[in-house]
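Inspection log for the structure reproduced underneath, given as structure tokens.
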Amino acid sequence: MPKPLVKSGAEIDGYTIGECVHAGGMATLWSVIHPGIDVPLLMKIPRVSEGEDPAAIVSFEMEMMILPRLAGPHVPSCFGTGDFAHQAYVVIERISGTTLYKRLADLPLPYDEARQLVARIATGLADLHRQNVIHHDIKPSSIMFRESGEAVLIDYGLSHHNHLPDLLQEEFRLPYGTAPYMAPERLSGVRDDPRSDLFSLGVLLYFFTTGERPFGEGETLRAMRRRLWRDPHPPRGLRADYPPWLQEVVLRCLEIEPVRRYPTASQLAFDLTHPDQIRLTMRSERLKRDPLSVAWRRRFNQGVMAPRAKSDVAAQIASSPIVAVALDTAEGEPELNEALRVTTERILATLPSARLACLNVLKLNRIAIDRTLDEQGSNKHIDRLVALRHWATPLKLDESRLSAHVLEAVDPAAAILEFCEVNHVDHVILGARQTSFRRTLLGSVSAKVASEAACTVTVVRPPRMAADGGEEAG
Amino acid sequence: MLLAVFSDIHGNRQAFEACLKVARARGAERFILLGDFVGYGADPEWVVDTAMELVAQGAIAVRGNHDQAVNSSAETMNAEAQVAIEWTRGRLDTAQRRFLAELPMVVEDGDRLFVHSEASSPRSWHYVRSTADAAKSLIATPAHVTFCGHIHRPAIYSMSVTAKMSGLVPKTDVSVPLLRGRQWLAVLGSVGQPRDSDPSAAFVLFDTVSCLITYCRAPYDVETAANRIRENGLPHWLADRLSQGR
């Protein structure tokens, strides 16, 4: 293959080459300009000359296939590609600022800063997974942030697109990627499980909060294989003040079996956004690794792992939605709350990895100054939380799948809509109020949520009474 | 240019009509027919006449094993296919039979190659069942993209310059870029007798400029096609399998 003739001032397909911004092992990055495109651009050109790593070509082909079909704020916009028949390149938006790699000098970060940082990355990752792409190289140098705050995931050379040929699958017998961040199942050649990215993000969160990498920096296959059976030191063993909720999140991400991690990046983002709602398990308490006997049992039982069918990323994400149910525990009608529970139960029955957020709106008075304490002096907020959890008890959900939230707002519909938006809720269930007097007076919450929500909305009514003609949508 | 590629129509008028309609609506500019116009289905005359018209208007057509069997009893087939072919032979007139007999085995068009079964030995009617089969076909041609059918199950294979293979079962309506710099084998599903558990008729759209390939499905009136098979005294299994897509 001829050596590419790229230099400053040259022109390729209408793009004028500027300065070389970065020269990496696999590719070089050039700033370019194009008439009619007024955002800063980068042209990425693979190293394809004699003696270069063949991985450079294949991973570049993957980027050429994947980048043009990604959209949204969490990926760099792609403006064009050129193929290997002439001059291979991709032109992408140049994100200002630096990658997260620059923060390595500041580690460990304050817990809350790391929490917010990783929550933003998890939100970006969820967006990527929804587009059927698994990144497979989540690490500080693949992550940037827009000025508006969104995490941007860059570098798709090792990625897997669930609907496109996976050129890397067959190309390399050994797993390809960044050793300290690589999920254990990648060592067995699994490339279609989005939870591999959650493992890598767990490594990053561990590293950013302890200053140490959970599996060291070992690059050898032997060193990497250890993570198939040896669990990392619990962070609380390294830092005495490590918050239990944070250890719960980190160790859940770092579970060896993907099925024991968070089912989706959205659910991880949800927990990081609501640390007070995280259900603490044994994980949060641990100070030491599993005893050697347990680790050795894992080590010598690896052959018995059942072979797996190819996973369908979209189906996996669809089976693990965030469902929110909004109910009125204070003044709501008991029949309606019961009907809401029956509907919620039916929806959750088909979705074993779904999580449920129970919402209640504590209505604030528009004029008077609200008091957190009611006449009897008890805390309204806490009372409502207790009532929500009580309502959810018959659902018999594992605590890690359940959370309760009291939203304080003047406009209940707006509060529910905002919660759904911020938390990437996939499905919201709420009741239609039956008393028409209140509805006429207050306006319909369910109608507003149903018409304005970005997600699926189910409006529930209690079963009709025989003599009752039923109500229109409440 | 947007190509619409059809394979294994097998005398199924309802399925072929539905595909042509969808392909035209989606802007197809040129039609490619990958053979097996007849066999199994009850409307071989209409299908062959339509193919002759399309070819007269510039379509490309190649020969399939069932097309060959109409004119030669040397082709070995399973019992049901044999019954259907003998029935078909009696239905076609001389002009229709000559059209099938004169179809080329392989057509090259620019850097694309069209063949019914696979490119390494088109007359042997080998099935492409695995990446190893696909590799044999890809090594036999310098074409950037080879289009074939015969197995009635969609797949996309590719071979890198270092002869590394990859395979994919394409998802309906998701376009896949067939990158230059490597070779591709696009295996089509069947128009008239799908066998991938989806009874709808399968075809492919390919954009010669962007090199995007899109596997498409056209739902059609399966009941009528199946009844036509039963009414004409053909083996009932040939009718039953249509609604199951196998």
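Going through the structure tokens in order, the chains are called A, B, and so on, while each chain numbers its residues from 1 and the ligands are numbered from 1 in the order shown.
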Set the distance at 8 Å and use only C-alpha atoms: which residues neighbour stretch 24-26 of chain A once local chain neighbours fewer than 3 positions away are removed? I'd like the list as a VMD selection string. chain A and resid 46 to 47 53 55 to 56
Selection export as a PDB file, in the first residue's frame, atoms kept: C-alpha atoms:
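Below you can see result_15.pdb, which holds the result:
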ATOM      1  CA  PRO A  46      -4.506   5.734   9.709  1.00  0.00           C
ATOM      2  CA  ARG A  47      -0.913   4.573   9.626  1.00  0.00           C
ATOM      3  CA  ASP A  53       0.432  -2.928  12.807  1.00  0.00           C
ATOM      4  CA  ALA A  55      -4.652  -3.661  13.592  1.00  0.00           C
ATOM      5  CA  ALA A  56      -4.354  -0.034  12.528  1.00  0.00           C
TER       6      ALA A  56
END
When you get a sec, could you note down which chain A residues fall within 12 Å of chain B, using only C-alpha atoms, as an MDAnalysis selection string? chainID A and resid 1 48 54:55 57:58 60:69 80:88 132 161:173 310 312
Write the residues of the preceding selection, restricted to N, CA and C atoms, as a CSV table (one decimal), in the first residue's frame.
chain,number,residue,atom,x,y,z
A,1,MET,N,0.8,-1.2,0.0
A,1,MET,CA,0.0,0.0,0.0
A,1,MET,C,0.9,1.3,0.0
A,48,VAL,N,-0.8,3.3,7.6
A,48,VAL,CA,-1.0,2.0,6.8
A,48,VAL,C,0.3,1.6,6.1
A,54,PRO,N,-1.1,-4.3,11.5
A,54,PRO,CA,-2.4,-4.5,10.7
A,54,PRO,C,-3.6,-4.1,11.5
A,55,ALA,N,-3.5,-4.1,12.8
A,55,ALA,CA,-4.7,-3.7,13.6
A,55,ALA,C,-5.0,-2.2,13.3
A,57,ILE,N,-5.2,-0.8,10.4
A,57,ILE,CA,-6.2,-0.8,9.3
A,57,ILE,C,-7.6,-1.2,9.7
A,58,VAL,N,-7.6,-2.4,10.4
A,58,VAL,CA,-8.9,-2.9,10.8
A,58,VAL,C,-9.6,-2.0,11.7
A,60,PHE,N,-9.3,1.1,12.0
A,60,PHE,CA,-9.7,2.3,11.2
A,60,PHE,C,-11.0,2.0,10.4
A,61,GLU,N,-11.0,0.8,9.8
A,61,GLU,CA,-12.2,0.4,9.1
A,61,GLU,C,-13.5,0.4,10.0
A,62,MET,N,-13.3,-0.1,11.2
A,62,MET,CA,-14.4,0.0,12.2
A,62,MET,C,-14.9,1.4,12.4
A,63,GLU,N,-13.9,2.3,12.6
A,63,GLU,CA,-14.3,3.7,12.8
A,63,GLU,C,-15.0,4.3,11.6
A,64,MET,N,-14.5,3.9,10.4
A,64,MET,CA,-15.2,4.4,9.2
A,64,MET,C,-16.6,3.9,9.1
A,65,MET,N,-16.9,2.7,9.6
A,65,MET,CA,-18.3,2.2,9.5
A,65,MET,C,-19.1,2.8,10.6
A,66,ILE,N,-18.5,2.9,11.8
A,66,ILE,CA,-19.4,3.3,13.0
A,66,ILE,C,-19.6,4.8,13.1
A,67,LEU,N,-18.5,5.6,13.0
A,67,LEU,CA,-18.7,7.1,13.2
A,67,LEU,C,-19.8,7.7,12.4
A,68,PRO,N,-19.9,7.5,11.1
A,68,PRO,CA,-21.0,8.2,10.4
A,68,PRO,C,-22.4,7.9,10.9
A,69,ARG,N,-22.6,6.8,11.6
A,69,ARG,CA,-24.0,6.5,12.0
A,69,ARG,C,-24.3,6.8,13.4
A,80,GLY,N,-17.3,13.3,7.2
A,80,GLY,CA,-17.0,12.6,6.0
A,80,GLY,C,-16.0,11.5,6.2
A,81,THR,N,-16.0,10.6,5.3
A,81,THR,CA,-14.9,9.5,5.3
A,81,THR,C,-14.4,9.3,3.9
A,82,GLY,N,-13.1,8.9,3.9
A,82,GLY,CA,-12.5,8.5,2.6
A,82,GLY,C,-12.0,7.1,2.7
A,83,ASP,N,-12.1,6.3,1.7
A,83,ASP,CA,-11.8,4.9,1.8
A,83,ASP,C,-10.4,4.5,1.4
A,84,PHE,N,-10.1,3.3,1.7
A,84,PHE,CA,-8.7,2.8,1.4
A,84,PHE,C,-8.3,2.8,0.0
A,85,ALA,N,-9.3,2.8,-0.9
A,85,ALA,CA,-9.0,2.8,-2.4
A,85,ALA,C,-8.2,4.1,-2.8
A,86,HIS,N,-8.5,5.2,-2.1
A,86,HIS,CA,-7.8,6.4,-2.4
A,86,HIS,C,-6.9,6.8,-1.1
A,87,GLN,N,-7.5,7.6,-0.3
A,87,GLN,CA,-6.9,8.0,1.0
A,87,GLN,C,-7.9,7.8,2.1
A,88,ALA,N,-7.5,6.9,3.0
A,88,ALA,CA,-8.5,6.6,4.1
A,88,ALA,C,-8.4,7.7,5.1
A,132,ASN,N,-26.7,0.9,19.6
A,132,ASN,CA,-26.2,-0.5,19.3
A,132,ASN,C,-24.6,-0.6,19.2
A,161,HIS,N,-20.3,-2.8,16.7
A,161,HIS,CA,-21.7,-2.4,16.4
A,161,HIS,C,-22.5,-3.6,16.1
A,162,ASN,N,-23.6,-3.7,16.9
A,162,ASN,CA,-24.4,-4.9,16.9
A,162,ASN,C,-25.0,-5.2,15.6
A,163,HIS,N,-25.1,-4.3,14.7
A,163,HIS,CA,-25.7,-4.5,13.4
A,163,HIS,C,-24.8,-4.5,12.2
A,164,LEU,N,-23.5,-4.4,12.5
A,164,LEU,CA,-22.5,-4.3,11.4
A,164,LEU,C,-21.5,-5.4,11.6
A,165,PRO,N,-20.8,-5.8,10.5
A,165,PRO,CA,-19.7,-6.8,10.6
A,165,PRO,C,-18.7,-6.4,11.7
A,166,ASP,N,-18.3,-7.3,12.5
A,166,ASP,CA,-17.3,-7.1,13.5
A,166,ASP,C,-16.0,-7.5,13.0
A,167,LEU,N,-15.2,-6.6,12.3
A,167,LEU,CA,-14.0,-7.0,11.6
A,167,LEU,C,-12.9,-7.4,12.6
A,168,LEU,N,-13.0,-7.0,13.9
A,168,LEU,CA,-12.0,-7.3,14.9
A,168,LEU,C,-12.2,-8.7,15.4
A,169,GLN,N,-13.4,-9.2,15.4
A,169,GLN,CA,-13.7,-10.5,16.0
A,169,GLN,C,-12.8,-11.6,15.4
A,170,GLU,N,-12.7,-11.6,14.1
A,170,GLU,CA,-12.0,-12.6,13.4
A,170,GLU,C,-10.5,-12.3,13.2
A,171,GLU,N,-10.2,-11.0,13.3
A,171,GLU,CA,-8.9,-10.6,12.9
A,171,GLU,C,-7.9,-11.0,13.9
A,172,PHE,N,-8.2,-10.9,15.2
A,172,PHE,CA,-7.2,-11.1,16.2
A,172,PHE,C,-7.6,-12.2,17.1
A,173,ARG,N,-6.8,-13.1,17.3
A,173,ARG,CA,-7.0,-14.2,18.2
A,173,ARG,C,-7.0,-13.8,19.7
A,310,LYS,N,-25.2,-15.4,20.7
A,310,LYS,CA,-24.8,-14.0,20.4
A,310,LYS,C,-25.9,-13.1,21.1
A,312,ASP,N,-28.1,-9.7,21.7
A,312,ASP,CA,-28.8,-8.7,21.0
A,312,ASP,C,-28.7,-7.4,21.9
So which one's closest to B:His144, B:Val22, B:Ala202, B:Leu185, B:Ala225? Using only C-alpha atoms, please. B:Leu185
Hey, what's within 10 Å of stretch 278-286 of chain A if we count only C-alpha atoms and toss same-chain stuff fewer than 4 positions away? As an NGL selection string, please? :A and (233-237 or 242-252 or 270-274 or 290 or 398-403)
For the selection you just gave me, I'd like the residues written to a file as a compact mmCIF listing (two decimals), in the first residue's frame, keeping C-alpha atoms.
# COMPACT_ATOMS: atom_id res chain seq x y z
CA HIS A 233 -8.98 -5.06 46.81
CA PRO A 234 -12.14 -3.35 48.09
CA PRO A 235 -11.53 0.44 48.07
CA ARG A 236 -12.48 0.68 51.74
CA GLY A 237 -9.43 -1.43 52.50
CA TYR A 242 -14.41 5.51 51.39
CA PRO A 243 -18.21 5.87 51.30
CA PRO A 244 -20.02 2.51 51.43
CA TRP A 245 -22.42 3.55 48.64
CA LEU A 246 -19.47 4.31 46.38
CA GLN A 247 -17.86 0.95 47.09
CA GLU A 248 -21.23 -0.68 46.35
CA VAL A 249 -21.27 0.97 42.91
CA VAL A 250 -17.60 0.33 42.10
CA LEU A 251 -17.61 -3.32 43.10
CA ARG A 252 -20.88 -3.93 41.28
CA PHE A 270 -29.28 6.53 37.97
CA ASP A 271 -27.49 5.24 41.08
CA LEU A 272 -24.69 7.78 40.74
CA THR A 273 -27.28 10.54 40.48
CA HIS A 274 -29.10 9.31 43.61
CA ASP A 290 -12.51 -12.91 48.60
CA ASP A 398 -35.08 -6.75 45.21
CA GLU A 399 -34.04 -3.55 47.00
CA SER A 400 -31.34 -2.84 44.44
CA ARG A 401 -34.10 -2.47 41.84
CA LEU A 402 -36.22 -0.06 43.83
CA SER A 403 -35.92 3.61 44.78
Could you jot down the atom CA of A:Cys78 to atom CA of A:Thr98 separation for me, Å, one decimal place? 18.9 Å
Write out as a ChimeraX atom specification each polymer residue whose atoms come within 8 Å of stretch 408-421 of chain A, counting only C-alpha atoms; drop sequence neighbours fewer than 3 positions from it. /A:324,326,359,361-366,424-426,428,445-446,448-449,452-455
Output C-alpha atoms of each residue in that selection to a file, as an mmCIF file, in the first residue's frame.
data_model
loop_
_atom_site.group_PDB
_atom_site.id
_atom_site.type_symbol
_atom_site.label_atom_id
_atom_site.label_comp_id
_atom_site.auth_asym_id
_atom_site.auth_seq_id
_atom_site.Cartn_x
_atom_site.Cartn_y
_atom_site.Cartn_z
ATOM 1 C CA ALA A 324 -41.119 5.296 37.125
ATOM 2 C CA ALA A 326 -46.001 8.381 40.145
ATOM 3 C CA LEU A 359 -42.354 9.113 42.763
ATOM 4 C CA VAL A 361 -44.877 15.042 44.426
ATOM 5 C CA LEU A 362 -44.974 17.125 47.576
ATOM 6 C CA LYS A 363 -46.925 20.074 46.327
ATOM 7 C CA LEU A 364 -45.506 23.396 47.364
ATOM 8 C CA ASN A 365 -47.733 26.309 47.992
ATOM 9 C CA ARG A 366 -47.349 29.014 45.408
ATOM 10 C CA HIS A 424 -33.613 8.822 31.359
ATOM 11 C CA VAL A 425 -36.780 7.071 32.456
ATOM 12 C CA ASP A 426 -38.012 4.678 29.751
ATOM 13 C CA VAL A 428 -43.713 6.233 33.336
ATOM 14 C CA VAL A 445 -51.428 15.815 35.524
ATOM 15 C CA SER A 446 -51.673 12.577 33.538
ATOM 16 C CA LYS A 448 -49.859 16.754 30.533
ATOM 17 C CA VAL A 449 -47.347 13.989 31.251
ATOM 18 C CA GLU A 452 -45.211 15.957 26.826
ATOM 19 C CA ALA A 453 -43.086 13.047 28.065
ATOM 20 C CA ALA A 454 -40.325 11.782 25.788
ATOM 21 C CA CYS A 455 -40.876 8.201 26.986
#
Nearest to A:Arg230, restricted to only C-alpha atoms and choosing among A:Glu257, A:Asp127, A:Glu19, A:Glu217, comes out as A:Glu257
Considering only C-alpha atoms, return as a PyMOL selection string whatever protein or nucleic-acid residues lie within 12 Å of stretch 344-354 of chain A, sequence-local ones (same chain, fewer than 5 positions apart) excluded. chain A and resi 259-264+266-267+315-327+337-339+391-398+400-403+425-431+457-460
Separation of atom CA of B:Lys136 and atom CA of B:Leu113, in Å? 14.5 Å
Quick check for you: according to DSSP on this backbone, which residues of stretch 22-226 of chain B are classed as alpha helix (DSSP H)? Reply as number ranges by chain. B: 22-25, 44-56, 65-71, 79-91, 94-101, 131-139, 222-226
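When atom CA of B:Ala135 is paired with atom CA of B:Gln183, their separation reads 9.8 Å.
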Residues near B:Asn232, anyone? I mean within 8 Å using only C-alpha atoms, not counting same-chain ones fewer than 3 positions away, as a ChimeraX atom specification. /B:42,228-229
Long-range neighbours of stretch 76-78 of chain B as JSON, numbers by chain, 9 Å cut-off, only C-alpha atoms, 5 positions minimum in chain: {"B": [66, 69, 83]}
For A:Pro140, the nearest of the candidates A:Leu104, A:Leu292, A:Leu340, A:Ile95, counting only C-alpha atoms: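 Distance minimum relative to A:Pro140 lands on A:Leu104.
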Assign secondary structure with DSSP using the backbone only, and return the residues of stretch 64-139 of chain A in strand (DSSP E) as a count of residues only. 12
